[in-house]
Structure formats: C-alpha cells, structure tokens
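Asker: Once you've had a glance at the structure underneath, I'll fire off some questions.
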Amino acid sequence: MDVAGASCSSSDALARELLLIALEDLSQEQLKRFRHKLRDAPLDGRSIPWGRLENSDPMDLVDKLTQFYGSEPAVDVARKILKKADARDVANKLKEQQLKRLGPSSAFLSLSEYKKKYREHVLLQHAKVKERNARSVKINKRFTKLLIAPGSGAVEDELLGPSEEPEPERPRRSDTHTFNRLFRGDDEGPRPLTVVLQGPAGIGKTMAAKKILYDWASGKLYHGQVDFAFFMPCGELLERPGTRSLADLILDQCPDRKAPVRQILAYPQRLLFILDGADELPAGGAPEAAPCTDPFEATTGLRVLSGLLSHELLPLARLLVTTRNVSSARLQGTLCSPQCAEVRGFSDKDKKKYFFKFFRDERKAERAYRFVKENETLFALCFVPFVCWIVCTVLQQQLELGQDLSRTSKTTTSVYLLFIASMLKSAGTNGPRVQAELRTLCRLAREGILKHQAQFSENDLQQLKLQGSQVQALFLSKKELLGVLEKEITYQFIDQSFQEFLAALSYLLEAEGAPGARGGGVQMLLNSDAELRGYLALTTRFLFGLLSSERIRDIERHFGCVVPQRVKQDTLRWVQGQSHSRMAPLGAEKNDELEDTEEPEEEEEDLNFGLELLYCLYETQEDDFVRQALSRLPEMVLERVRFTRMDLVVLSYCVQCSPAGQALRLVNCVLVEAKEKKKKSLVKRLKGSRNTTKEPQISLLRPLCEAMTAQQCGLSILILSHCKLPDTVCRDLSEALKVAPALRELGLLQSRLTETGLRLLSEGLAWPTCQVQTLRVQLPSLQEAIQYLGVVLQQSRVLTTLDLSGCQLPKYMVSCLCSALTYPTCQLKTLNLTSVELSDSSLRDLQDVKTSKPDLTILHSKLKG
C-alpha cells in the first residue's frame, strides 16, 4: 500500500476545499489585498510571480497556492496572508476548520524552517553508531579518518591508454575538506551528480557515508547546495516486503508524517541520496528492475533504487553511492557519468588512532598497538577498519586474560578465524553448545549468501533455535524496520563480510556425504555465473583461505570435526580448469600484441577475474597448493589494473610460488603509486633544508621484483605491455634481471620509458649473471632505445633472440643495429623483423650481416635465406 500517496491524495482534496471556501468568503477588495500580500510571501527566496496572481479568481489562487507551497502548507500560508489582508474573521474560521478537518498543522511557512527541523532530527538519530558488539558510541569519537583516493570521471575510464594515463592523485584523509571536494568535479566539465565510493568489504564505506550525513546535518558539508540528505541502505530496501514509493521512504526518515514531502521533491537539485551498498542490486535488464520514474508510485525497493541510480527518477538529485570494487562493471550500465573515489582504509598514523579510540585504557592501547606494529603482516592488514576491529577485539580478550596474541596472521581469513577461535575459547564449559550454534549460524549465513539475503526474521532464528543464543548476541545485530502496520524486527550479521566468512566456513564443517550437497556443495559456489561471481567473490576468497593445511587443523581442533578432503580437491580442480575457460595460452595473443591490434573490450569483471583468482591463491598461504594450481595456468594475465600495495603483495606471493615455465603479462596496468602527503614538523623541515642527500625511491613494483629473484620462483616470461614504466620501476626491475634464476624472456611492448629507464634496463640485461635469452621490444621511443640495445647485444652472454617485429626502423637505426650484430662478442642467433618496413640500403646492410654471420637468422620477407 502506498501510504504517502493515499494520505496525500485525501488531505490534498480537503486542503483545496478549505482554501476555496475561505477565498470565496472574501470581498473583491479583500481578494485584491490578498493577491498583493501573497506576492510578497517568499518561499526560500522565491515568490509567486505577480503576472500569475493578477486577475486570478479564488479557484485560480487555490491552484497556484497548492502548486507553489504544497496543499497543507498552503493552508498555513493563506491563513497568515488573510490576517495581513485585514480578513481576520476569515483567517480564524479557516484555522478552526483546519484543526477540525486536517488535524494539528505542522505550522511552517517555508522549506527552510522544516529543513532546520530535519537537520536537528538527523543529528539526534545519527549522533551515535552501534559498535559490532552492540555498544553505542558517538560517531565523532569513533570515526577515524580514512584515506580516499580521488578517481576519474567515470567508472569505465578508470584506466586509460599509455598516451592518456594521468598521474594518480595522492589519497587524502577523509576530513570535511575531502568530503566537500567529492561533488566538485574538475575545472573542465560540469559538477558530477553521482559520486561512487568504491572499496573492499570492511574498508569503512558505510561509516564514511554516515559521517557525511552527520557532517551535512552539522552544517559542515555542502552548505548552500543540499537542503535534505537521506540515507538509503540498499540491502534493507531490497528485502523489505510490500511496496513503497520514494515519498514513503523519505517520510520514514523524517521526524513526523507531516513532512512537506511534495515540497521537498519539488526541488530535486537540492537533494542528496546516499545509497549504501549498491553492489547488493542485481544486474540490470530484468523487468522487475525497470527504473521507477514517479516519486509517488508505490513499487518495489529495487525499482526505486534503479530509478535513482539511472537518474530517471529525480534526474537533478545528487547521489553518493557506496559499492565494493567488484560491482563497478555491473553499475556501469546504470550510473550516469559518475565521479569515482576509492576508499583505501587507514593510513599507518590512523591505525594507531583507531587502537587508542578502541581501548579505553591507554596502557592497554599502547601495549596492543606495539604488539601489532611489531607483526608486520598483521599491521599491514589493519588498513581495513573491520579487520582492525577484529584484531582489537581479540587482543582485548587476550589482554584481559593476561596473555599475548601469539599467532602470526598473514591473511584476512586467518584474522577472522582468530576471532572465532577466541570466542570459542572464552565460551569455557559452554563450548560444545556454542560450537553447535555456530555450525547452525554458518548454514544460515550460507543460505543467505546464495539467496542474496542479508536480513533475517525472528522466525528464521526461532526455527534454527538461535533466538537468544550466544552466537546471536555476538554475530548478529538487531534492526527495527518500519512496516505498514507495525515495526518489523530483523537481524543481520555484524558485517556483511562476516556473513561471507561464515558461509565459506560452512563448506568445511560439512561431514562427508552430508546433505550439504543439497545446496550444490562447493562446486555451486565456484561455478556461479558471471552475475553472481562478483557477489560471491569474497566468500570464495575466504573458502581458499580456510583450505590451507594449517587452517584446516585449526578448524578441526576448534570444532572437533574432520574437514572433508573433497572440498580442497574440488577447489584445486576448479582453479586448474580456469585455463580452458578464461586464460588464453601464451602464444595465442602474442602476434596480435606485437602488431598492436585492438582487441574487443572485455567486460570489467572478466578483466578483474585474473587478479581475484590470485587473491584467492594468496589467501591459502600454502606454496604447494598455489604451485599446483598455477601449473595448469601457464600464463597469468592482468589487464587494466591500477595496482595497490596489497595487489602487489598478492601478485608477488603467487609469482614466488610459480612453477617452472610460468609467464606473467601485465597489460595497460598502472605501476605508479600516489604518495600520501605527510606534514613535517618545523624541526624536521629545518633539518631537511640542511640535508641534501636523498634516499633512492622504492617503486611500487619492488615486491614483484624481489619475488622474481627467489630461488623457488619459476617465472620464465615477463611481458609489460602498454604500461608506463617510471625510472624507479626500471631500477628495481634491472636489479631483478641481474639475478632472477628462471627468467628467460622479457617483453617491452608499447610501453613508455624514459632514456634513464632504458639505460637502467640495459644494465640489467647486459649483466653477466642475467639469464634472459629472448628480448621482445616494441617501444614508441625506439630511436633512444637502439643505442642501449646495441650495448646489450655486445655484452650479453646469453641473449640469443631479439624480436623487433612491428617496429619502425629508419636507416640510421638499422646501421646502429648492424654494427652491434657484427661485434665479436654478440651471441644473437635470431633477429625477428617481421612487418618492419626497411629501405633498400637497410636491406643490403642486413644482408651483409647475414653473410658475415651465417649462424644468425634474420626473419624478414625481403631478405634472402
């Protein structure tokens, strides 16, 4: 039932009737004075134009009053104008009828007055946030600033070709200045109406969105731009039963049902809708997802949200959308020219602030923080606020018991499992009962994930005998939703990522041959279609993390069970099978790449699949498992990735575990890190002015370069295509080339390097211990590269193949090349010049080289064998 629509239609008619009766009671002179006084009654700086009021009869005036002010507010306006027009008896009579037939008035003249009332309501409602342990804390005390990296103007334009690729802008801390910048856009284009905050699970997107709402109500954000801001949790709206209009949803957030919803919606350019968790929305295209266009139409939450996201509903309204990274491909077809920003989580400085806000005892906070700081891997994982909360919670329990956290945690999965283990340990004699409850909760989590369900009713919990249980209090948070007739109580997991973790854990808690196959078992999760793959990505990642031998032993010890071996076997077979469905063999694209032909653009989710698969393998932290998995994936291809530090940690681990013959191809990837701006103290600045020596910069690619030098690394082919390679990257890569034990082939295809970068790489390639035998080069600045290629040809002891196919080689470059080829120490056996245009004199020079060096093969259609 459309409550707002039904109530509005009946009250509208009554208001119009009262207005008409009152105005028809006026004499012609009173009516004239009424029109004049009405002209001077502004609403938010605007008033009804005199041209529309002059000569209007009572019926016309009723139409204009209700259109401009809204029906019920128009009665208040008319009553006050009547008094000014010396028609107090009519005004009093109107007030009497208004109270009798419409009830108590909300008594306001303009939106600005209700705006103040609404802001006060928002401040009251959102002053506190519930901790995941149900403790309420003030948002200003709990909120710790996050790093937010400004993105590009559109999701699909996040990664550009090498000629257009901008330097990444440094991430900023999420203060009011940064939040105010979100809707500013750049100097060239219009201000964006949609801003997307992207980031992985638990990174703090929802908290940041709530802080934005609170700061707006405090008058700190979007001053003079936004009159009303509304928080829309997408997951709740999708699961809410029945139909409701956008007007209903707005009324739900207002302090009373007398809110002037029609007036609010009359100025959409002054509205901000915060859509939290847009990745919950199913992919567009289905009839049930057709965008709603009427704010008073009673329909499903999905259609309302689709209408807002596509700007078919209130096209001028501003949207702040939070979503996980995996959903951007699905949102591309829905969002209208969004401005993107990436939530990067805590800086190292803010991690410390969070610890001291979490622990109320400063000595405990210092002790806990110092312990985590010394554990480099665990400290790195704390950039995710939810992981930071789990670590603090576990440490708090350990400190209360007089113990220290002794386990080393290298992955998100192990941190989450620590929390489970700590909870089971603290259960004491109730352990067996809590184990059973937790198994049941895992099944609930899994069924919810597979059904795309995050809200659970009291009946759901009662049927599973979880109502009032210890795991309910620890893992579920209670919510009250406004229903049509009464409040509805629902429960959801303390964080969606915890639901996904427990869903993954459920697969390992099934006994052999148990009815877990009812849900299709692990195969159903792994073989989900493209639409579900992004939604289930984190559950899949947790599953891999739980499959390491060490984690399996932990699970069996904590739950007193035997984990079925088939789960790990099925998962390994699934990974190995990806080479047939999504990974092309190395040779399949090589010629196309060398010729620089354009491939049809892939879906972004398919592009991200390779990196997501590596994240899954990283979570296992089991070298043998990763090596077996990669043995059937001879080439790792990562395309259009803007690498973060964590991405490189993951890639480096997988490269270090790669089997012999492994290839890695980075295509159109961003290898430049945006540095966080750090303020220096006056003392440090004064010292710095006297210190002229600078330490060499560490490139973003250093972890990968170090992984390539590990003795167990089997990476034999590295292709860098359409990438910008800063000098710092070239320096680290050069050092890796000198000692990488297995690297036999290097490709530099349509990538941008400086002359310094070329020199550094040539030093590595010419180093006596370098093992690179095949060098494939196709550079825009090849004229600068040719002198360094000559040095490599003269000095390398192992380089036997040089592939320059598709390059442009003017005569002077061919002359330099021929000179290097005839050098006595040159070991080259094959020179590939396929598709290279050569002058007649260049062909003669090359033919002379072939004659003088019969063991050298030069591949070109116009050269004689």
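Residue numbering restarts at 1 for every chain of the structure tokens, chains are lettered A, B, ... in their displayed order, and ligands are numbered from 1 as they appear.
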Using only C-alpha atoms, which protein or nucleic acid residues come within 7 Å of stretch 418-424 of chain A? Drop anything in the same chain fewer than 6 positions from it, and give the result as number ranges by chain.
Answerer: A: 390, 394, 431, 558
Asker: Might you pull out every residue within 8 Å of stretch 762-771 of chain A, with only C-alpha atoms counted and same-chain residues fewer than 2 positions away left off, and present them as a PyMOL selection string?
Answerer: chain A and resi 733-744+758-760+773+788-789+791-793+795-799
Asker: Per DSSP on the backbone, what are the strand (DSSP E) residues of stretch 600-829 of chain A, as a ChimeraX atom specification?
Answerer: /A:635-639,662-667,715-721,745-749,774-778,801-803
Asker: Okay, now the selection with N, CA, C and O atoms, as a short mmCIF file (atom, residue, chain, number, x, y, z; two decimals), in the first residue's frame?
Answerer:
```cif
data_model
loop_
_atom_site.label_atom_id
_atom_site.label_comp_id
_atom_site.auth_asym_id
_atom_site.auth_seq_id
_atom_site.Cartn_x
_atom_site.Cartn_y
_atom_site.Cartn_z
N GLU A 635 50.01 -19.00 -18.14
CA GLU A 635 50.18 -17.55 -18.25
C GLU A 635 49.21 -16.82 -17.32
O GLU A 635 48.01 -17.05 -17.35
N MET A 636 49.75 -15.94 -16.51
CA MET A 636 48.93 -15.06 -15.69
C MET A 636 48.81 -13.73 -16.43
O MET A 636 49.83 -13.09 -16.71
N VAL A 637 47.58 -13.34 -16.75
CA VAL A 637 47.35 -12.09 -17.49
C VAL A 637 46.57 -11.13 -16.60
O VAL A 637 45.47 -11.44 -16.14
N LEU A 638 47.12 -9.97 -16.35
CA LEU A 638 46.44 -8.92 -15.60
C LEU A 638 46.33 -7.71 -16.51
O LEU A 638 47.34 -7.17 -16.96
N GLU A 639 45.10 -7.29 -16.77
CA GLU A 639 44.86 -6.21 -17.72
C GLU A 639 44.10 -5.07 -17.06
O GLU A 639 43.15 -5.28 -16.32
N GLN A 662 56.40 -20.57 -16.00
CA GLN A 662 55.28 -19.65 -15.81
C GLN A 662 55.54 -18.33 -16.54
O GLN A 662 56.67 -17.86 -16.64
N ALA A 663 54.45 -17.74 -17.05
CA ALA A 663 54.54 -16.44 -17.72
C ALA A 663 53.62 -15.45 -17.02
O ALA A 663 52.57 -15.81 -16.52
N LEU A 664 54.03 -14.18 -17.00
CA LEU A 664 53.23 -13.10 -16.43
C LEU A 664 53.15 -11.98 -17.46
O LEU A 664 54.17 -11.50 -17.95
N ARG A 665 51.92 -11.58 -17.77
CA ARG A 665 51.71 -10.50 -18.73
C ARG A 665 50.90 -9.38 -18.06
O ARG A 665 49.77 -9.60 -17.61
N LEU A 666 51.48 -8.20 -17.97
CA LEU A 666 50.79 -7.03 -17.43
C LEU A 666 50.45 -6.12 -18.61
O LEU A 666 51.35 -5.61 -19.28
N VAL A 667 49.15 -5.91 -18.82
CA VAL A 667 48.69 -5.14 -19.98
C VAL A 667 47.96 -3.89 -19.50
O VAL A 667 46.98 -3.97 -18.76
N LEU A 715 59.13 -18.24 -12.59
CA LEU A 715 58.69 -17.32 -13.64
C LEU A 715 59.76 -17.22 -14.73
O LEU A 715 60.88 -16.80 -14.47
N SER A 716 59.38 -17.58 -15.95
CA SER A 716 60.36 -17.57 -17.04
C SER A 716 60.06 -16.50 -18.08
O SER A 716 60.94 -16.17 -18.88
N ILE A 717 58.83 -15.97 -18.11
CA ILE A 717 58.47 -14.96 -19.12
C ILE A 717 57.77 -13.79 -18.44
O ILE A 717 56.82 -13.99 -17.68
N LEU A 718 58.22 -12.58 -18.71
CA LEU A 718 57.59 -11.37 -18.20
C LEU A 718 57.33 -10.43 -19.38
O LEU A 718 58.26 -10.04 -20.08
N ILE A 719 56.05 -10.08 -19.60
CA ILE A 719 55.66 -9.18 -20.67
C ILE A 719 55.00 -7.94 -20.05
O ILE A 719 54.03 -8.05 -19.31
N LEU A 720 55.54 -6.77 -20.36
CA LEU A 720 54.97 -5.50 -19.92
C LEU A 720 54.45 -4.78 -21.15
O LEU A 720 55.23 -4.31 -21.98
N SER A 721 53.14 -4.72 -21.29
CA SER A 721 52.52 -4.18 -22.50
C SER A 721 51.66 -2.97 -22.18
O SER A 721 50.83 -3.01 -21.27
N GLU A 745 62.70 -14.72 -20.71
CA GLU A 745 62.16 -13.86 -21.76
C GLU A 745 61.58 -12.59 -21.15
O GLU A 745 60.87 -12.64 -20.14
N LEU A 746 61.88 -11.45 -21.77
CA LEU A 746 61.35 -10.16 -21.35
C LEU A 746 60.74 -9.46 -22.55
O LEU A 746 61.35 -9.39 -23.62
N GLY A 747 59.51 -8.95 -22.38
CA GLY A 747 58.83 -8.22 -23.44
C GLY A 747 58.50 -6.81 -23.00
O GLY A 747 57.91 -6.61 -21.94
N LEU A 748 58.88 -5.81 -23.78
CA LEU A 748 58.54 -4.41 -23.54
C LEU A 748 57.77 -3.93 -24.75
O LEU A 748 58.35 -3.55 -25.77
N LEU A 749 56.43 -3.99 -24.66
CA LEU A 749 55.58 -3.77 -25.83
C LEU A 749 54.73 -2.52 -25.65
O LEU A 749 53.89 -2.46 -24.75
N THR A 774 65.60 -14.20 -24.53
CA THR A 774 64.73 -13.62 -25.57
C THR A 774 64.26 -12.25 -25.12
O THR A 774 63.72 -12.10 -24.02
N LEU A 775 64.47 -11.25 -25.99
CA LEU A 775 64.05 -9.88 -25.69
C LEU A 775 63.12 -9.42 -26.81
O LEU A 775 63.49 -9.43 -27.98
N ARG A 776 61.88 -9.05 -26.41
CA ARG A 776 60.91 -8.55 -27.39
C ARG A 776 60.69 -7.07 -27.10
O ARG A 776 60.30 -6.70 -25.99
N VAL A 777 60.94 -6.24 -28.09
CA VAL A 777 60.90 -4.80 -27.89
C VAL A 777 60.00 -4.15 -28.94
O VAL A 777 60.16 -4.41 -30.15
N GLN A 778 59.08 -3.33 -28.46
CA GLN A 778 58.27 -2.51 -29.37
C GLN A 778 57.92 -1.24 -28.59
O GLN A 778 56.95 -1.18 -27.86
N THR A 801 67.84 -14.23 -28.87
CA THR A 801 66.71 -13.84 -29.73
C THR A 801 66.31 -12.40 -29.43
O THR A 801 66.07 -12.05 -28.27
N LEU A 802 66.25 -11.59 -30.48
CA LEU A 802 65.77 -10.21 -30.37
C LEU A 802 64.60 -10.04 -31.33
O LEU A 802 64.75 -10.24 -32.54
N ASP A 803 63.44 -9.72 -30.79
CA ASP A 803 62.22 -9.58 -31.60
C ASP A 803 61.86 -8.11 -31.69
O ASP A 803 61.47 -7.49 -30.71
#
```
Asker: Record the distance separating atom CA of A:Thr754 and atom CA of A:Gln656, expressed in Å with one decimal.
Answerer: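 Between atom CA of A:Thr754 and atom CA of A:Gln656 the gap works out to 28.4 Å.
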Asker: So the first atom is atom CA of A:Ile494 and the second is atom CA of A:Lys478; what is the distance between them in Å, to one decimal place?
Answerer: 9.2 Å
Asker: Could you list, as a list in words, every residue within 7 Å of A:Phe230, counting only C-alpha atoms and ignoring same-chain residues fewer than 6 positions away?
Answerer: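 So the residues in contact are Leu272, Phe273 and Ile274 of chain A.
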Asker: Output N, CA and C atoms for every residue in the selection just made, as an mmCIF file, in the first residue's frame.
Answerer:
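File written: out-v5.cif
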```cif
data_model
loop_
_atom_site.group_PDB
_atom_site.id
_atom_site.type_symbol
_atom_site.label_atom_id
_atom_site.label_comp_id
_atom_site.auth_asym_id
_atom_site.auth_seq_id
_atom_site.Cartn_x
_atom_site.Cartn_y
_atom_site.Cartn_z
ATOM 1 N N LEU A 272 20.188 15.198 -1.649
ATOM 2 C CA LEU A 272 21.281 14.229 -1.705
ATOM 3 C C LEU A 272 20.766 12.893 -1.185
ATOM 4 N N PHE A 273 20.909 11.857 -2.008
ATOM 5 C CA PHE A 273 20.543 10.497 -1.593
ATOM 6 C C PHE A 273 21.825 9.694 -1.446
ATOM 7 N N ILE A 274 22.011 9.104 -0.265
ATOM 8 C CA ILE A 274 23.178 8.262 -0.006
ATOM 9 C C ILE A 274 22.732 6.811 -0.137
#
```
